[in-house]
Amino acid sequence: MLARSPQHERFKEQVLDGEQARKGFRLGKFDLVIEPGNKGDVQYLYDPARPESVLAKAEVNEALQAAAGRKDVVSTSVVTSSEPGSRYIDFLIPGLLGMNLMNSGMWGIGFALVDMRQRKLLKRFVGTPMRRGDFLLAMASSRLILMIIEVSLLLAFGALFFHMRILGSLAAIALIASLGSLTFGGVGLLTASRAQKIESVSGLINLVMMPMWIFSGVFFSYERFPAVIHPLIKALPLTALNDALRASILEGTPLLHQWPRLLIMALWGGISFVLALKWFRWA
């Protein structure tokens with residue numbers, strides 16, 4: 001017997017043989033497997049690392065114990081809360097916004113720069129009076145136009161379809177997003193400063209972004225990781241960007257109170273740009 005804790009129904013049960021039930025549980029199709037014993041007892045198969053499995057086990061056990069005649073000593077009541085600002089979607093949208101700014105900054109600049117190098121277009125700039133720093137700064141700042149579109153669409157989507165509350169000022173959010181876009185533009189320039197082929201820069205960009213995808217709290221809070229690595233996680237530019245966006249959008253935190261996060265992004269972007277300027281090759 002299998003139990004699931006869906007959103008609209010308390011339980012969904014399905015009767016299968018033991019092997020099919022365990023296979024479905026391993027593949028994530030079921031949250032809980034219940035095996036009846038010979039003496040009227042039951043055995044629960046659940047995964048303590050899966051919140052939905054833990055919840056299903058607790059709810060099913062509560063229902064079975066109540067059906068068997070157990071009475072609660074303390075009278076309780078339940079109040080549900082799904083107010084905007086306290087839901088998972090409110091946590092997710094700023095994380096998606098930060099991840100999109102990172103992706104567009106690094107992939108957009110990295111691919112464009114290496115593509116121009118492969119087509120020998122960068123060599124033509126050598127004979128012009130344009131300085132290397134001006135060219136790289138133009139490449140990094142070009143992402144600001146797309147940044148406006150990305151931020152506007154995601155915030156409008158969250159507000160219209162999920163009624164997400166935007167407590168911070170739009171100017172503060174735009175400033176944070178602009179700094180994040182420039183930060184990852186600088187990191188993208190550094191990553192692609194010497195890459196000769198699209199395949200090379202693709203591997204380098206994935207290598208740089210992979211730790212931030214995992215640790216920077218895009219889809220779940222980085223507080224779940226061991227506390228000993230929290231300082232390292234908070235030093236990542238995507239972590240600083242996500243935390244700043246969530247603080248501004250969901251809490252309305254003023255920019256003045258977020259200066260450590262803004263400083264982290266500025267340092268990553270500035271140091272990356274200086275190193276890219278030093279190591280950049282036209283050919």
# chains A, B, ... in the order shown; residues from 1 in each chain; ligands from 1
$ residues_around --residues "Glu251 in chain A" --least-positions-apart "2" --cutoff "9 Å" --atoms "only C-alpha atoms" --output "ChimeraX atom specification"
/A:85,166-168,246-249,253
$ residues_around --residues "Ser216 in chain A" --least-positions-apart "4" --cutoff "8 Å" --atoms "only C-alpha atoms" --output "MDAnalysis selection string"
chainID A and resid 211:212 221:222 233:234 236 238:239 242
$ residues_around --residues "Val201 in chain A" --least-positions-apart "3" --cutoff "10 Å" --atoms "only C-alpha atoms" --output "list in words"
Met106, Trp107, Gly110, Phe111, Leu113, Val114, Gly188, Thr191, Ala192, Ser193, Arg194, Ala195, Gln196, Lys197, Ile198, Leu204, Ile205, Asn206 and Leu207 of chain A
$ atom_distance --atom1 "CA of Ile173 in chain A" --atom2 "CA of Ile229 in chain A"
27.8 Å
$ atom_distance --atom1 "CA of Tyr88 in chain A" --atom2 "CA of Phe225 in chain A"
18.4 Å
$ atom_distance --atom1 "CA of Asp31 in chain A" --atom2 "CA of Gly69 in chain A"
25.3 Å
$ residues_around --residues "Ala68 in chain A" --least-positions-apart "5" --cutoff "12 Å" --atoms "only C-alpha atoms" --output "PyMOL selection string"
chain A and resi 40-41+61-63
$ write_last_selection --atoms "C-alpha atoms" --output "short mmCIF file (atom, residue, chain, number, x, y, z; two decimals), in the first residue's frame"
data_model
loop_
_atom_site.label_atom_id
_atom_site.label_comp_id
_atom_site.auth_asym_id
_atom_site.auth_seq_id
_atom_site.Cartn_x
_atom_site.Cartn_y
_atom_site.Cartn_z
CA GLY A 40 -2.13 -5.98 12.75
CA ASP A 41 1.00 -3.85 12.86
CA ASN A 61 0.55 7.47 10.96
CA GLU A 62 -1.67 10.12 12.56
CA ALA A 63 -4.64 8.97 10.49
#
$ closest_residue --among "A:Ser202, A:Asp115, A:Gln258, A:Leu97" --to "Ala172 in chain A" --atoms "only C-alpha atoms"
A:Gln258
$ residues_around --residues "Leu182 in chain A" --least-positions-apart "4" --cutoff "12 Å" --atoms "only C-alpha atoms" --output "PyMOL selection string"
chain A and resi 101-102+104-106+109+136-147+175-178+186-189+237+241+262+265-273
$ write_last_selection --atoms "N, CA and C atoms" --output "CSV table (one decimal), in the first residue's frame"
chain,number,residue,atom,x,y,z
A,101,LEU,N,20.5,36.4,-14.4
A,101,LEU,CA,21.5,37.4,-14.6
A,101,LEU,C,22.9,36.8,-14.8
A,102,MET,N,23.2,35.8,-14.0
A,102,MET,CA,24.5,35.1,-14.1
A,102,MET,C,24.7,34.4,-15.4
A,104,SER,N,23.1,35.0,-18.3
A,104,SER,CA,23.1,35.9,-19.5
A,104,SER,C,24.4,36.7,-19.5
A,105,GLY,N,25.0,37.0,-18.3
A,105,GLY,CA,26.2,37.7,-18.3
A,105,GLY,C,27.4,36.9,-18.7
A,106,MET,N,27.4,35.6,-18.2
A,106,MET,CA,28.6,34.8,-18.6
A,106,MET,C,28.5,34.1,-19.9
A,109,ILE,N,28.4,37.0,-22.9
A,109,ILE,CA,29.7,37.7,-23.1
A,109,ILE,C,30.7,36.6,-23.6
A,136,LEU,N,36.3,46.1,-23.7
A,136,LEU,CA,35.8,45.1,-22.7
A,136,LEU,C,34.7,45.8,-21.9
A,137,LEU,N,34.8,47.0,-21.5
A,137,LEU,CA,33.8,47.7,-20.8
A,137,LEU,C,32.5,47.8,-21.6
A,138,ALA,N,32.6,48.0,-22.9
A,138,ALA,CA,31.4,48.0,-23.7
A,138,ALA,C,30.7,46.6,-23.8
A,139,MET,N,31.5,45.6,-23.8
A,139,MET,CA,31.0,44.2,-23.8
A,139,MET,C,30.2,43.9,-22.5
A,140,ALA,N,30.8,44.3,-21.4
A,140,ALA,CA,30.2,44.0,-20.1
A,140,ALA,C,28.9,44.8,-19.9
A,141,SER,N,29.0,46.1,-20.3
A,141,SER,CA,27.8,47.0,-20.1
A,141,SER,C,26.7,46.7,-21.0
A,142,SER,N,27.0,46.0,-22.1
A,142,SER,CA,25.9,45.7,-23.1
A,142,SER,C,24.8,44.8,-22.5
A,143,ARG,N,25.2,44.1,-21.4
A,143,ARG,CA,24.2,43.2,-20.8
A,143,ARG,C,23.1,43.9,-20.0
A,144,LEU,N,23.4,45.2,-19.8
A,144,LEU,CA,22.4,46.0,-19.0
A,144,LEU,C,21.1,46.1,-19.7
A,145,ILE,N,21.1,46.1,-21.0
A,145,ILE,CA,19.8,46.2,-21.8
A,145,ILE,C,19.0,45.0,-21.6
A,146,LEU,N,19.6,43.8,-21.7
A,146,LEU,CA,18.9,42.6,-21.5
A,146,LEU,C,18.5,42.4,-20.0
A,147,MET,N,19.3,43.0,-19.1
A,147,MET,CA,19.0,42.9,-17.7
A,147,MET,C,17.6,43.6,-17.4
A,175,LEU,N,19.1,48.7,-9.3
A,175,LEU,CA,20.5,49.0,-9.0
A,175,LEU,C,21.2,47.7,-8.6
A,176,ILE,N,20.5,46.8,-7.8
A,176,ILE,CA,21.1,45.5,-7.5
A,176,ILE,C,21.3,44.7,-8.7
A,177,ALA,N,20.2,44.6,-9.5
A,177,ALA,CA,20.3,43.8,-10.7
A,177,ALA,C,21.4,44.3,-11.7
A,178,SER,N,21.5,45.6,-11.8
A,178,SER,CA,22.6,46.2,-12.7
A,178,SER,C,24.0,45.8,-12.2
A,186,GLY,N,31.8,40.9,-15.9
A,186,GLY,CA,33.3,40.9,-15.6
A,186,GLY,C,33.8,39.5,-15.5
A,187,VAL,N,33.1,38.6,-14.8
A,187,VAL,CA,33.5,37.2,-14.6
A,187,VAL,C,33.5,36.5,-16.0
A,188,GLY,N,32.5,36.9,-16.8
A,188,GLY,CA,32.4,36.3,-18.2
A,188,GLY,C,33.6,36.7,-19.0
A,189,LEU,N,34.0,38.0,-18.9
A,189,LEU,CA,35.1,38.5,-19.7
A,189,LEU,C,36.4,37.8,-19.3
A,237,PRO,N,29.6,35.4,-5.6
A,237,PRO,CA,28.8,36.5,-6.1
A,237,PRO,C,27.3,36.2,-6.3
A,241,LEU,N,24.1,38.2,-4.7
A,241,LEU,CA,23.1,38.8,-5.5
A,241,LEU,C,21.7,38.2,-5.1
A,262,LEU,N,26.6,44.1,-1.6
A,262,LEU,CA,27.0,44.9,-2.8
A,262,LEU,C,28.5,45.0,-2.9
A,265,MET,N,29.8,41.8,-4.6
A,265,MET,CA,29.6,41.8,-6.0
A,265,MET,C,30.5,42.7,-6.7
A,266,ALA,N,30.7,43.9,-6.1
A,266,ALA,CA,31.6,44.9,-6.7
A,266,ALA,C,33.1,44.4,-6.8
A,267,LEU,N,33.5,43.7,-5.7
A,267,LEU,CA,34.9,43.1,-5.7
A,267,LEU,C,35.0,42.1,-6.8
A,268,TRP,N,34.0,41.2,-6.9
A,268,TRP,CA,34.1,40.1,-7.9
A,268,TRP,C,34.2,40.7,-9.3
A,269,GLY,N,33.3,41.7,-9.5
A,269,GLY,CA,33.2,42.3,-10.9
A,269,GLY,C,34.5,43.1,-11.2
A,270,GLY,N,34.9,43.9,-10.2
A,270,GLY,CA,36.1,44.8,-10.4
A,270,GLY,C,37.4,44.0,-10.6
A,271,ILE,N,37.6,43.0,-9.7
A,271,ILE,CA,38.8,42.2,-9.8
A,271,ILE,C,38.8,41.4,-11.1
A,272,SER,N,37.7,40.8,-11.5
A,272,SER,CA,37.6,40.0,-12.7
A,272,SER,C,37.8,40.9,-13.9
A,273,PHE,N,37.3,42.1,-13.9
A,273,PHE,CA,37.5,43.0,-15.1
A,273,PHE,C,39.0,43.4,-15.2
$ closest_residue --among "A:Ile93, A:Ile264, A:Met116, A:Val60" --to "Ala156 in chain A" --atoms "only C-alpha atoms"
A:Ile93
